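K.L.:
Got a file for you: input-v7.cif, mmCIF, C-alpha atoms.
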data_my_file
loop_
_atom_site.label_atom_id
_atom_site.label_comp_id
_atom_site.auth_asym_id
_atom_site.auth_seq_id
_atom_site.Cartn_x
_atom_site.Cartn_y
_atom_site.Cartn_z
CA MET A 242 0.00 0.00 0.00
CA THR A 243 1.04 3.60 -0.58
CA ASN A 244 0.40 6.82 1.30
CA ARG A 245 -2.68 8.14 -0.45
CA ILE A 246 -3.89 11.70 -0.31
CA LYS A 247 -7.52 10.56 -0.31
CA PRO A 248 -9.02 7.15 0.49
CA TRP A 249 -10.35 6.65 -3.05
CA HIS A 250 -6.92 7.14 -4.63
CA GLY A 251 -4.62 4.32 -5.68
CA VAL A 252 -5.37 0.76 -6.75
CA MET A 253 -8.77 -0.09 -5.31
CA VAL A 254 -9.65 -3.63 -6.34
CA ALA A 255 -13.25 -4.36 -7.27
CA THR A 256 -13.16 -7.65 -5.46
CA ALA A 257 -14.49 -10.89 -6.85
CA LEU A 258 -16.44 -12.82 -4.23
CA PRO A 259 -15.35 -16.45 -3.71
CA LEU A 260 -18.26 -18.85 -3.74
CA ARG A 261 -18.27 -22.48 -2.73
CA GLU A 262 -19.53 -25.18 -5.07
CA ASP A 263 -22.97 -24.92 -3.43
CA LEU A 264 -22.83 -21.18 -4.28
CA SER A 265 -22.69 -20.09 -0.64
CA VAL A 266 -20.31 -17.20 0.13
CA ASP A 267 -16.91 -18.15 1.51
CA PHE A 268 -16.45 -15.21 3.88
CA ASP A 269 -13.21 -16.57 5.35
CA GLY A 270 -11.90 -16.96 1.82
CA TYR A 271 -13.01 -13.42 1.01
CA ALA A 272 -11.15 -12.03 4.03
CA GLU A 273 -8.02 -13.92 3.01
CA HIS A 274 -8.37 -12.60 -0.54
CA CYS A 275 -8.66 -8.98 0.62
CA ARG A 276 -5.63 -9.44 2.87
CA TRP A 277 -3.61 -10.96 0.02
CA LEU A 278 -4.44 -8.10 -2.33
CA VAL A 279 -3.16 -5.51 0.13
CA GLU A 280 -0.07 -7.59 0.86
CA ASN A 281 0.65 -7.54 -2.88
CA GLY A 282 0.59 -3.76 -3.14
CA CYS A 283 -3.06 -2.86 -3.70
CA ASP A 284 -4.34 0.13 -1.73
CA GLY A 285 -7.80 -1.09 -0.88
CA VAL A 286 -10.88 -2.99 -1.95
CA VAL A 287 -14.27 -2.24 -3.49
CA PRO A 288 -16.78 -4.82 -2.21
CA ASN A 289 -20.32 -5.22 -3.54
CA GLY A 290 -19.61 -4.09 -7.06
CA SER A 291 -20.68 -5.92 -10.19
CA LEU A 292 -17.55 -8.07 -9.98
CA GLY A 293 -18.67 -9.04 -6.48
CA GLU A 294 -22.05 -10.15 -7.87
CA TYR A 295 -23.88 -7.85 -5.47
CA GLN A 296 -27.13 -8.16 -7.43
CA THR A 297 -27.36 -11.83 -6.43
CA LEU A 298 -26.64 -11.36 -2.72
CA THR A 299 -29.16 -11.27 0.10
CA ALA A 300 -29.15 -8.16 2.29
CA GLU A 301 -27.48 -10.17 5.05
CA GLU A 302 -24.75 -11.41 2.72
CA ARG A 303 -24.15 -7.96 1.32
CA ALA A 304 -23.83 -6.45 4.79
CA LYS A 305 -21.41 -9.18 5.87
CA VAL A 306 -19.25 -8.59 2.78
CA ILE A 307 -18.75 -4.96 3.87
CA GLU A 308 -18.12 -6.01 7.46
CA THR A 309 -15.53 -8.57 6.34
CA ALA A 310 -13.71 -6.10 4.11
CA VAL A 311 -13.56 -3.43 6.82
CA GLU A 312 -12.35 -5.87 9.47
CA THR A 313 -9.65 -7.18 7.13
CA VAL A 314 -8.13 -4.06 5.55
CA GLY A 315 -9.54 -1.18 7.59
CA GLY A 316 -12.48 1.08 6.81
CA PRO A 317 -10.59 3.91 5.10
CA ASN A 318 -9.30 1.36 2.57
CA VAL A 319 -12.81 0.22 1.62
CA MET A 320 -14.95 1.80 -1.12
CA ALA A 321 -18.28 0.05 -0.72
CA GLY A 322 -20.53 -0.40 -3.72
CA VAL A 323 -23.98 1.01 -2.94
CA GLY A 324 -25.75 0.44 -6.25
CA ALA A 325 -29.48 -0.35 -6.02
CA TYR A 326 -32.65 0.15 -8.00
CA GLY A 327 -33.90 3.00 -5.81
CA ALA A 328 -32.19 6.02 -4.28
CA ALA A 329 -33.60 5.19 -0.84
CA GLU A 330 -31.95 1.76 -0.88
CA SER A 331 -28.67 3.19 -2.16
CA ARG A 332 -28.77 5.77 0.63
CA LEU A 333 -29.36 2.99 3.16
CA TRP A 334 -26.28 1.10 1.93
CA ALA A 335 -24.27 4.33 1.97
CA GLU A 336 -25.34 4.96 5.56
CA ARG A 337 -24.29 1.44 6.50
CA ALA A 338 -20.94 1.96 4.78
CA ALA A 339 -20.44 5.23 6.65
CA ALA A 340 -21.31 3.57 9.96
CA ALA A 341 -18.79 0.81 9.22
CA GLY A 342 -16.09 3.43 8.64
CA CYS A 343 -15.69 3.05 4.88
CA GLY A 344 -13.59 5.79 3.31
CA SER A 345 -15.90 6.19 0.32
CA VAL A 346 -18.74 4.57 -1.61
CA LEU A 347 -19.22 3.77 -5.29
CA LEU A 348 -22.60 4.84 -6.68
CA LEU A 349 -24.17 4.02 -10.01
CA PRO A 350 -26.82 6.35 -11.43
CA PRO A 351 -30.41 5.04 -11.50
CA ASN A 352 -30.12 1.78 -13.44
CA SER A 353 -33.62 0.38 -13.68
CA TYR A 354 -34.57 2.75 -16.50
CA ARG A 355 -32.99 5.32 -18.81
CA ALA A 356 -32.98 8.22 -16.35
CA ASP A 357 -32.78 11.84 -17.48
CA GLU A 358 -30.41 14.38 -15.95
CA ARG A 359 -32.92 15.65 -13.40
CA SER A 360 -33.45 12.11 -12.13
CA VAL A 361 -29.71 11.48 -11.93
CA ILE A 362 -29.11 14.64 -9.94
CA ALA A 363 -31.98 13.84 -7.57
CA HIS A 364 -30.56 10.33 -7.09
CA TYR A 365 -27.11 11.60 -6.10
CA ARG A 366 -28.60 14.30 -3.87
CA GLU A 367 -30.51 11.67 -1.91
CA VAL A 368 -27.56 9.34 -1.41
CA ALA A 369 -25.25 12.25 -0.52
CA LYS A 370 -27.35 12.75 2.62
CA ALA A 371 -25.51 9.74 4.06
CA GLY A 372 -22.47 11.99 4.48
CA VAL A 373 -19.83 9.67 3.02
CA PRO A 374 -17.65 10.64 0.00
CA ILE A 375 -19.30 9.41 -3.20
CA VAL A 376 -17.45 8.12 -6.26
CA ALA A 377 -19.81 8.21 -9.24
CA TYR A 378 -19.71 5.18 -11.51
CA ASN A 379 -20.14 5.98 -15.18
CA ASN A 380 -21.04 2.78 -17.02
CA PRO A 381 -23.31 3.81 -19.90
CA TYR A 382 -23.21 0.34 -21.45
CA ASP A 383 -24.90 -1.47 -18.59
CA THR A 384 -26.95 1.35 -17.04
CA LYS A 385 -27.97 3.08 -20.29
CA VAL A 386 -27.33 6.33 -18.43
CA ASP A 387 -24.30 8.34 -19.53
CA LEU A 388 -22.69 10.53 -16.89
CA THR A 389 -21.29 13.01 -19.39
CA PRO A 390 -18.51 15.41 -18.40
CA ALA A 391 -21.06 18.23 -18.20
CA LEU A 392 -23.36 16.23 -15.92
CA LEU A 393 -20.45 15.12 -13.73
CA ALA A 394 -19.35 18.75 -13.46
CA THR A 395 -22.84 19.61 -12.23
CA LEU A 396 -22.79 16.83 -9.63
CA HIS A 397 -19.32 17.85 -8.47
CA GLY A 398 -20.18 21.54 -8.42
CA GLU A 399 -23.06 20.80 -6.08
CA GLY A 400 -20.72 18.86 -3.78
CA LEU A 401 -22.40 15.52 -4.41
CA ILE A 402 -19.41 13.55 -5.72
CA VAL A 403 -15.65 13.57 -5.17
CA ALA A 404 -14.57 11.36 -8.07
CA VAL A 405 -15.78 9.30 -11.01
CA LYS A 406 -15.01 5.74 -11.97
CA GLU A 407 -14.85 6.30 -15.73
CA PHE A 408 -15.92 3.20 -17.64
CA SER A 409 -16.95 4.74 -20.95
CA GLY A 410 -13.67 3.59 -22.51
CA ASP A 411 -13.11 7.07 -23.96
CA PRO A 412 -9.89 8.62 -22.60
CA ARG A 413 -10.79 11.94 -24.21
CA ARG A 414 -13.33 12.53 -21.48
CA SER A 415 -10.59 12.90 -18.89
CA TYR A 416 -9.34 16.07 -20.57
CA GLU A 417 -12.85 17.55 -20.82
CA LEU A 418 -13.47 16.73 -17.17
CA GLY A 419 -10.23 18.50 -16.29
CA GLU A 420 -11.59 21.61 -17.96
CA LEU A 421 -15.17 21.48 -16.65
CA ALA A 422 -14.52 20.10 -13.14
CA PRO A 423 -10.82 20.46 -12.31
CA GLY A 424 -11.35 19.32 -8.72
CA LEU A 425 -13.06 16.07 -9.67
CA ASP A 426 -10.80 13.03 -9.38
CA VAL A 427 -10.85 10.64 -12.35
CA LEU A 428 -10.44 6.96 -11.54
CA ILE A 429 -9.66 4.36 -14.18
CA GLY A 430 -12.76 2.23 -14.46
CA SER A 431 -11.96 -0.07 -17.36
CA ASP A 432 -8.78 -2.14 -17.15
CA ASP A 433 -8.07 -1.98 -20.87
CA VAL A 434 -7.64 1.81 -20.99
CA LEU A 435 -5.45 1.98 -17.91
CA LEU A 436 -2.40 3.44 -19.61
CA GLU A 437 -4.36 6.01 -21.58
CA LEU A 438 -6.25 7.31 -18.55
CA ALA A 439 -3.17 7.25 -16.32
CA ILE A 440 -1.34 9.46 -18.80
CA ALA A 441 -4.39 11.72 -18.93
CA GLY A 442 -4.20 12.36 -15.19
CA ALA A 443 -6.15 9.65 -13.37
CA VAL A 444 -5.40 9.36 -9.65
CA GLY A 445 -6.82 5.92 -9.01
CA TRP A 446 -7.91 2.63 -10.53
CA VAL A 447 -11.05 0.71 -9.59
CA ALA A 448 -9.50 -2.46 -10.88
CA GLY A 449 -10.61 -5.91 -11.95
CA TYR A 450 -7.65 -8.03 -12.98
CA PRO A 451 -5.53 -7.44 -9.87
CA ASN A 452 -7.85 -10.06 -8.36
CA ALA A 453 -5.70 -12.58 -10.23
CA LEU A 454 -2.38 -10.78 -10.83
CA PRO A 455 -2.06 -7.99 -8.24
CA ALA A 456 1.70 -7.42 -8.10
CA SER A 457 2.16 -7.00 -11.85
CA SER A 458 -1.01 -4.91 -12.13
CA VAL A 459 0.20 -2.56 -9.40
CA ALA A 460 3.60 -2.29 -11.06
CA LEU A 461 1.88 -1.34 -14.32
CA TYR A 462 -0.28 1.26 -12.58
CA ARG A 463 2.61 2.86 -10.70
CA ALA A 464 4.76 3.05 -13.83
CA ALA A 465 1.89 4.49 -15.87
CA LEU A 466 1.16 7.20 -13.31
CA ALA A 467 4.84 8.08 -13.14
CA GLY A 468 5.01 8.42 -16.92
CA ASP A 469 7.56 5.61 -17.04
CA LEU A 470 6.54 4.22 -20.41
CA GLU A 471 9.71 2.14 -20.72
CA THR A 472 8.40 0.05 -17.82
CA ALA A 473 4.67 0.43 -18.41
CA LEU A 474 4.38 -0.42 -22.10
CA PRO A 475 5.84 -3.95 -21.97
CA LEU A 476 3.67 -4.76 -18.94
CA TYR A 477 0.60 -3.31 -20.66
CA ARG A 478 1.19 -5.34 -23.81
CA THR A 479 1.65 -8.53 -21.81
CA LEU A 480 -1.43 -7.99 -19.66
CA HIS A 481 -3.76 -6.46 -22.23
CA PRO A 482 -5.15 -9.77 -23.58
CA LEU A 483 -6.49 -10.24 -20.03
CA LEU A 484 -7.29 -6.62 -19.18
CA ARG A 485 -9.68 -6.34 -22.12
CA TRP A 486 -11.91 -9.01 -20.58
CA ASP A 487 -12.86 -6.42 -17.97
CA SER A 488 -14.96 -4.71 -20.66
CA LYS A 489 -16.75 -7.86 -21.80
CA THR A 490 -20.09 -9.19 -20.59
CA GLU A 491 -18.36 -12.26 -19.15
CA PHE A 492 -15.81 -10.29 -17.11
CA VAL A 493 -16.76 -11.88 -13.79
CA GLN A 494 -16.39 -15.43 -15.09
CA ALA A 495 -13.15 -14.54 -16.88
CA ILE A 496 -11.51 -12.95 -13.86
CA LYS A 497 -12.59 -15.78 -11.58
CA LEU A 498 -11.14 -18.31 -14.02
CA SER A 499 -7.84 -16.41 -14.12
CA MET A 500 -7.82 -16.42 -10.33
CA ASP A 501 -8.25 -20.19 -10.30
CA ILE A 502 -5.44 -20.65 -12.83
CA ALA A 503 -3.16 -18.34 -10.84
CA GLY A 504 -3.69 -20.41 -7.70
CA ARG A 505 -6.35 -18.27 -6.09
CA HIS A 506 -9.94 -19.34 -5.47
CA GLY A 507 -12.34 -17.62 -7.80
CA GLY A 508 -14.93 -20.35 -7.95
CA PRO A 509 -18.29 -20.39 -9.71
CA CYS A 510 -20.78 -17.57 -10.26
CA ARG A 511 -24.40 -17.33 -9.27
CA LEU A 512 -27.08 -17.20 -11.93
CA PRO A 513 -27.87 -15.46 -14.16
CA ARG A 514 -24.13 -15.57 -14.94
CA VAL A 515 -23.44 -18.89 -16.65
CA PRO A 516 -20.07 -20.59 -17.25
CA LEU A 517 -17.86 -19.45 -20.11
CA THR A 518 -18.19 -21.24 -23.41
CA GLU A 519 -15.38 -23.60 -24.37
CA THR A 520 -14.01 -20.96 -26.76
CA GLN A 521 -14.10 -18.24 -24.14
CA GLU A 522 -12.55 -20.46 -21.50
CA ALA A 523 -9.73 -21.46 -23.85
CA ALA A 524 -9.00 -17.81 -24.62
CA VAL A 525 -8.90 -16.78 -20.96
CA ARG A 526 -6.89 -19.84 -19.97
CA GLY A 527 -4.37 -19.31 -22.76
CA ALA A 528 -3.88 -15.61 -21.99
CA THR A 529 -3.56 -16.27 -18.25
CA GLU A 530 -1.06 -19.10 -18.65
CA LYS A 531 0.98 -17.02 -21.07
CA ALA A 532 1.06 -14.08 -18.63
CA LEU A 533 2.11 -16.37 -15.78
CA ALA A 534 4.83 -17.93 -17.93
CA GLU A 535 6.16 -14.44 -18.66
CA GLY A 536 6.50 -13.70 -14.96
CA MET A 537 3.25 -11.88 -14.25
CA ARG A 538 1.92 -12.46 -10.74
#
Show the structure stored in the file as structure tokens.

P.N.:
Amino acid sequence: MTNRIKPWHGVMVATALPLREDLSVDFDGYAEHCRWLVENGCDGVVPNGSLGEYQTLTAEERAKVIETAVETVGGPNVMAGVGAYGAAESRLWAERAAAAGCGSVLLLPPNSYRADERSVIAHYREVAKAGVPIVAYNNPYDTKVDLTPALLATLHGEGLIVAVKEFSGDPRRSYELGELAPGLDVLIGSDDVLLELAIAGAVGWVAGYPNALPASSVALYRAALAGDLETALPLYRTLHPLLRWDSKTEFVQAIKLSMDIAGRHGGPCRLPRVPLTETQEAAVRGATEKALAEGMR
């Protein structure tokens, strides 16, 4: 871990949640996984995100995931996912995260329908009442709601958000955000544009593939932020066949498979996520084994 200026800075791993074969949550395994990530250089964890299959968890399971993460790595190092269909439920999860001592929360816009800007602003206003720093999550592919630079500037100007996890895949937005909302922190949200967004001024990475290869991923991130392209580019080229899975529909299954291959326990997924096809599994397995053979860890 590094000395971060703010708790949402650095490599914050969107943690996969280890499940047993009967699909029950392995909380001891999750605690060990969080501990291992920090020991391998990651700055913190993001529980209850999409990679953690939060949509399939009961309220009790979801609460225990946060509790486990906080107990393992410390509240300031936890950015709890608080996505939900309604603003009231998201606010409730944000209040629970604040009570647990989490340093920040990650909040999607309304995602049950294509919300307009007024609805988005009202949503963030409601959750901001919880009093914990909010990182907006811009994922227009899955939510069908685009947090444009102009809308993010409005949210930031009103004091509703401190940062954005930028998952649009468009590095150009970072420069526009720097002009419209210079105090808003940009966090890398999609693994396969890490280098581009790091060069553009990102101060953090809400990361997927460090679940399987944390040390090499952290080395890539640190080199990219430092502008050390001589170090970063070879790492990026080696890891990119895996990093691009973070932007695919099957990203949870892919990352869990890579974890299994790397000697970690990823395990199965709950429905509606189904196993990878033979072709997909072969691609992930081949890329993971190649990365491991080239010294990635």

K.L.:
Which one is closest to A:Pro451: A:Ser499, A:Thr490, A:Ser353, A:Thr297? Count all atoms listed in the file.

P.N.:
A:Ser499

K.L.:
Between atom CA of A:Gly324 and atom CA of A:His506, measure the distance and give it in Å to one decimal.

P.N.:
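Interatomic distance, atom CA of A:Gly324 to atom CA of A:His506: 25.3 Å.
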
K.L.:
Report, in Å to a single decimal, how far apart atom CA of A:Ala255 and atom CA of A:Gly449 are.

P.N.:
5.6 Å

K.L.:
If the PyMOL selection byres ((chain A and resi 283) around 9) is run on the structure shown, which residues does it catch, given as a PDB file with C-alpha atoms, in the coordinates of the input?

P.N.:
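This is the output file expr-v6.pdb:
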ATOM      1  CA  MET A 242       0.000   0.000   0.000  1.00  0.00           C
ATOM      2  CA  THR A 243       1.040   3.600  -0.580  1.00  0.00           C
ATOM      3  CA  GLY A 251      -4.620   4.320  -5.680  1.00  0.00           C
ATOM      4  CA  VAL A 252      -5.370   0.760  -6.750  1.00  0.00           C
ATOM      5  CA  MET A 253      -8.770  -0.090  -5.310  1.00  0.00           C
ATOM      6  CA  VAL A 254      -9.650  -3.630  -6.340  1.00  0.00           C
ATOM      7  CA  TRP A 277      -3.610 -10.960   0.020  1.00  0.00           C
ATOM      8  CA  LEU A 278      -4.440  -8.100  -2.330  1.00  0.00           C
ATOM      9  CA  VAL A 279      -3.160  -5.510   0.130  1.00  0.00           C
ATOM     10  CA  GLU A 280      -0.070  -7.590   0.860  1.00  0.00           C
ATOM     11  CA  ASN A 281       0.650  -7.540  -2.880  1.00  0.00           C
ATOM     12  CA  GLY A 282       0.590  -3.760  -3.140  1.00  0.00           C
ATOM     13  CA  ASP A 284      -4.340   0.130  -1.730  1.00  0.00           C
ATOM     14  CA  GLY A 285      -7.800  -1.090  -0.880  1.00  0.00           C
ATOM     15  CA  VAL A 286     -10.880  -2.990  -1.950  1.00  0.00           C
ATOM     16  CA  PRO A 451      -5.530  -7.440  -9.870  1.00  0.00           C
ATOM     17  CA  PRO A 455      -2.060  -7.990  -8.240  1.00  0.00           C
ATOM     18  CA  ALA A 456       1.700  -7.420  -8.100  1.00  0.00           C
ATOM     19  CA  SER A 458      -1.010  -4.910 -12.130  1.00  0.00           C
ATOM     20  CA  VAL A 459       0.200  -2.560  -9.400  1.00  0.00           C
TER      21      VAL A 459
END

K.L.:
Enumerate, as an mmCIF file with C-alpha atoms, in the coordinates of the input, the residues matched when the PyMOL selection byres ((chain A and resi 257) around 7) is run on the file above.

P.N.:
data_model
loop_
_atom_site.group_PDB
_atom_site.id
_atom_site.type_symbol
_atom_site.label_atom_id
_atom_site.label_comp_id
_atom_site.auth_asym_id
_atom_site.auth_seq_id
_atom_site.Cartn_x
_atom_site.Cartn_y
_atom_site.Cartn_z
ATOM 1 C CA ALA A 255 -13.250 -4.360 -7.270
ATOM 2 C CA THR A 256 -13.160 -7.650 -5.460
ATOM 3 C CA LEU A 258 -16.440 -12.820 -4.230
ATOM 4 C CA PRO A 259 -15.350 -16.450 -3.710
ATOM 5 C CA LEU A 292 -17.550 -8.070 -9.980
ATOM 6 C CA GLY A 293 -18.670 -9.040 -6.480
ATOM 7 C CA ASN A 452 -7.850 -10.060 -8.360
#

K.L.:
Find the residues around A:Thr309 up to 8 Å (only C-alpha atoms counted), leave out those fewer than 2 positions away in its own chain, and share them as a PDB file with C-alpha atoms, keeping the file's coordinate frame.

P.N.:
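To be explicit, this is the file written out as around_37.pdb:
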ATOM      1  CA  PHE A 268     -16.450 -15.210   3.880  1.00  0.00           C
ATOM      2  CA  TYR A 271     -13.010 -13.420   1.010  1.00  0.00           C
ATOM      3  CA  ALA A 272     -11.150 -12.030   4.030  1.00  0.00           C
ATOM      4  CA  LYS A 305     -21.410  -9.180   5.870  1.00  0.00           C
ATOM      5  CA  VAL A 306     -19.250  -8.590   2.780  1.00  0.00           C
ATOM      6  CA  ILE A 307     -18.750  -4.960   3.870  1.00  0.00           C
ATOM      7  CA  VAL A 311     -13.560  -3.430   6.820  1.00  0.00           C
ATOM      8  CA  GLU A 312     -12.350  -5.870   9.470  1.00  0.00           C
ATOM      9  CA  THR A 313      -9.650  -7.180   7.130  1.00  0.00           C
TER      10      THR A 313
END

K.L.:
Once the PyMOL selection byres ((chain A and resi 426) around 10) has been applied to the shown file, what residues remain in the selection, as a list in words?

P.N.:
Lys247, Trp249, His250, Val376, His397, Ile402, Val403, Ala404, Val405, Lys406, Ser415, Leu418, Gly419, Ala422, Pro423, Gly424, Leu425, Val427, Leu428, Ile429, Gly442, Ala443, Val444 and Gly445 of chain A

K.L.:
Against stretch 472-489 of chain A, which residues of stretch 318-408 of chain A fall within 12 Å? For each one I want the closest pair of atoms and the distance in Å (one decimal), counting only C-alpha atoms, rows by chain and increasing residue number, as JSON lines.

P.N.:
{"residue": "A:Asn380", "atom": "CA", "partner": "A:Ser488", "partner_atom": "CA", "distance": 10.3}
{"residue": "A:Pro381", "atom": "CA", "partner": "A:Ser488", "partner_atom": "CA", "distance": 12.0}
{"residue": "A:Tyr382", "atom": "CA", "partner": "A:Ser488", "partner_atom": "CA", "distance": 9.7}
{"residue": "A:Asp383", "atom": "CA", "partner": "A:Ser488", "partner_atom": "CA", "distance": 10.7}
{"residue": "A:Phe408", "atom": "CA", "partner": "A:Ser488", "partner_atom": "CA", "distance": 8.5}

K.L.:
Would you write out those residues with C-alpha atoms, as a PDB file, keeping the file's coordinate frame?

P.N.:
ATOM      1  CA  ASN A 380     -21.040   2.780 -17.020  1.00  0.00           C
ATOM      2  CA  PRO A 381     -23.310   3.810 -19.900  1.00  0.00           C
ATOM      3  CA  TYR A 382     -23.210   0.340 -21.450  1.00  0.00           C
ATOM      4  CA  ASP A 383     -24.900  -1.470 -18.590  1.00  0.00           C
ATOM      5  CA  PHE A 408     -15.920   3.200 -17.640  1.00  0.00           C
TER       6      PHE A 408
END

K.L.:
Mind pulling up the distance from atom CA of A:Glu407 to atom CA of A:Thr384?

P.N.:
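Here the two named atoms are 13.1 Å from each other.
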
K.L.:
Is there a way to get, as a list in words, all residues within 9 Å of the point (-33.2, 6.9, 2.4) in file coordinates, counting all atoms listed in the file?

P.N.:
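Neighbouring residues, ordered by chain and number, come to Ala328, Ala329, Glu330, Ser331, Arg332, Leu333, Glu336, Glu367, Val368, Lys370 and Ala371 of chain A.
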
K.L.:
Find the residues around A:Tyr354 up to 10 Å (all atoms listed in the file counted), leave out those fewer than 2 positions away in its own chain, and share them as a PyMOL selection string.

P.N.:
chain A and resi 326+350-352+356-357+384-386

K.L.:
Pick out the closest residue to A:Arg526 from this set: A:Leu498, A:Ile246, A:Cys510, A:Leu421. Count all atoms listed in the file.

P.N.:
A:Leu498

K.L.:
If we count only C-alpha atoms, what is near A:Met537 at a cut-off of 8 Å, once residues fewer than 5 positions away on the same chain are taken out, given as a ChimeraX atom specification?

P.N.:
/A:454,456-457,532

K.L.:
Using all atoms listed in the file, find the one residue out of A:Gln296, A:Arg245, A:Asp411, A:Ala341 that sits nearest to A:Arg511.

P.N.:
A:Gln296

K.L.:
Residues around (-7.7, -1.0, -15.3), cut-off 7 Å, counting all atoms listed in the file - what are they as a compact mmCIF listing (two decimals) with C-alpha atoms, in the frame of the given file?

P.N.:
# COMPACT_ATOMS: atom_id res chain seq x y z
CA ILE A 429 -9.66 4.36 -14.18
CA GLY A 430 -12.76 2.23 -14.46
CA SER A 431 -11.96 -0.07 -17.36
CA ASP A 432 -8.78 -2.14 -17.15
CA ASP A 433 -8.07 -1.98 -20.87
CA VAL A 434 -7.64 1.81 -20.99
CA LEU A 435 -5.45 1.98 -17.91
CA TRP A 446 -7.91 2.63 -10.53
CA VAL A 447 -11.05 0.71 -9.59
CA ALA A 448 -9.50 -2.46 -10.88
CA GLY A 449 -10.61 -5.91 -11.95
CA LEU A 484 -7.29 -6.62 -19.18

K.L.:
Quick one: residues within 7 Å of A:Asn289, only C-alpha atoms, excluding same-chain residues fewer than 4 positions away - as a list in words?

P.N.:
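Skipping anything fewer than 4 positions along the chain leaves Gly293, Glu294, Tyr295, Arg303, Ala321 and Gly322 of chain A.
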
K.L.:
With distances taken over all atoms listed in the file, which of A:Ala524, A:Arg414, A:Arg538, A:Tyr378 is nearest to A:Ala460?

P.N.:
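The closest residue to A:Ala460 is A:Arg538.
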
K.L.:
N, CA, C and O atoms for stretch 468-479 of chain A, written as an mmCIF file, in the frame of the given file, could you do that?

P.N.:
data_model
loop_
_atom_site.group_PDB
_atom_site.id
_atom_site.type_symbol
_atom_site.label_atom_id
_atom_site.label_comp_id
_atom_site.auth_asym_id
_atom_site.auth_seq_id
_atom_site.Cartn_x
_atom_site.Cartn_y
_atom_site.Cartn_z
ATOM 1 N N GLY A 468 4.588 8.102 -15.567
ATOM 2 C CA GLY A 468 5.010 8.420 -16.920
ATOM 3 C C GLY A 468 6.188 7.598 -17.384
ATOM 4 O O GLY A 468 6.860 7.950 -18.360
ATOM 5 N N ASP A 469 6.437 6.485 -16.706
ATOM 6 C CA ASP A 469 7.560 5.610 -17.040
ATOM 7 C C ASP A 469 7.095 4.614 -18.106
ATOM 8 O O ASP A 469 6.803 3.454 -17.818
ATOM 9 N N LEU A 470 7.053 5.070 -19.336
ATOM 10 C CA LEU A 470 6.540 4.220 -20.410
ATOM 11 C C LEU A 470 7.476 3.070 -20.733
ATOM 12 O O LEU A 470 7.034 2.033 -21.226
ATOM 13 N N GLU A 471 8.746 3.224 -20.461
ATOM 14 C CA GLU A 471 9.710 2.140 -20.720
ATOM 15 C C GLU A 471 9.347 0.908 -19.885
ATOM 16 O O GLU A 471 9.518 -0.225 -20.333
ATOM 17 N N THR A 472 8.852 1.154 -18.670
ATOM 18 C CA THR A 472 8.400 0.050 -17.820
ATOM 19 C C THR A 472 6.962 -0.328 -18.108
ATOM 20 O O THR A 472 6.609 -1.519 -18.168
ATOM 21 N N ALA A 473 6.108 0.675 -18.299
ATOM 22 C CA ALA A 473 4.670 0.430 -18.410
ATOM 23 C C ALA A 473 4.269 -0.276 -19.695
ATOM 24 O O ALA A 473 3.430 -1.189 -19.673
ATOM 25 N N LEU A 474 4.842 0.116 -20.817
ATOM 26 C CA LEU A 474 4.380 -0.420 -22.100
ATOM 27 C C LEU A 474 4.557 -1.933 -22.226
ATOM 28 O O LEU A 474 3.624 -2.629 -22.650
ATOM 29 N N PRO A 475 5.728 -2.489 -21.881
ATOM 30 C CA PRO A 475 5.840 -3.950 -21.970
ATOM 31 C C PRO A 475 4.850 -4.673 -21.051
ATOM 32 O O PRO A 475 4.282 -5.710 -21.443
ATOM 33 N N LEU A 476 4.633 -4.147 -19.846
ATOM 34 C CA LEU A 476 3.670 -4.760 -18.940
ATOM 35 C C LEU A 476 2.263 -4.673 -19.521
ATOM 36 O O LEU A 476 1.480 -5.634 -19.464
ATOM 37 N N TYR A 477 1.935 -3.531 -20.096
ATOM 38 C CA TYR A 477 0.600 -3.310 -20.660
ATOM 39 C C TYR A 477 0.342 -4.269 -21.817
ATOM 40 O O TYR A 477 -0.728 -4.859 -21.925
ATOM 41 N N ARG A 478 1.356 -4.422 -22.674
ATOM 42 C CA ARG A 478 1.190 -5.340 -23.810
ATOM 43 C C ARG A 478 1.010 -6.787 -23.344
ATOM 44 O O ARG A 478 0.221 -7.543 -23.910
ATOM 45 N N THR A 479 1.744 -7.164 -22.316
ATOM 46 C CA THR A 479 1.650 -8.530 -21.810
ATOM 47 C C THR A 479 0.296 -8.798 -21.156
ATOM 48 O O THR A 479 -0.299 -9.864 -21.340
#
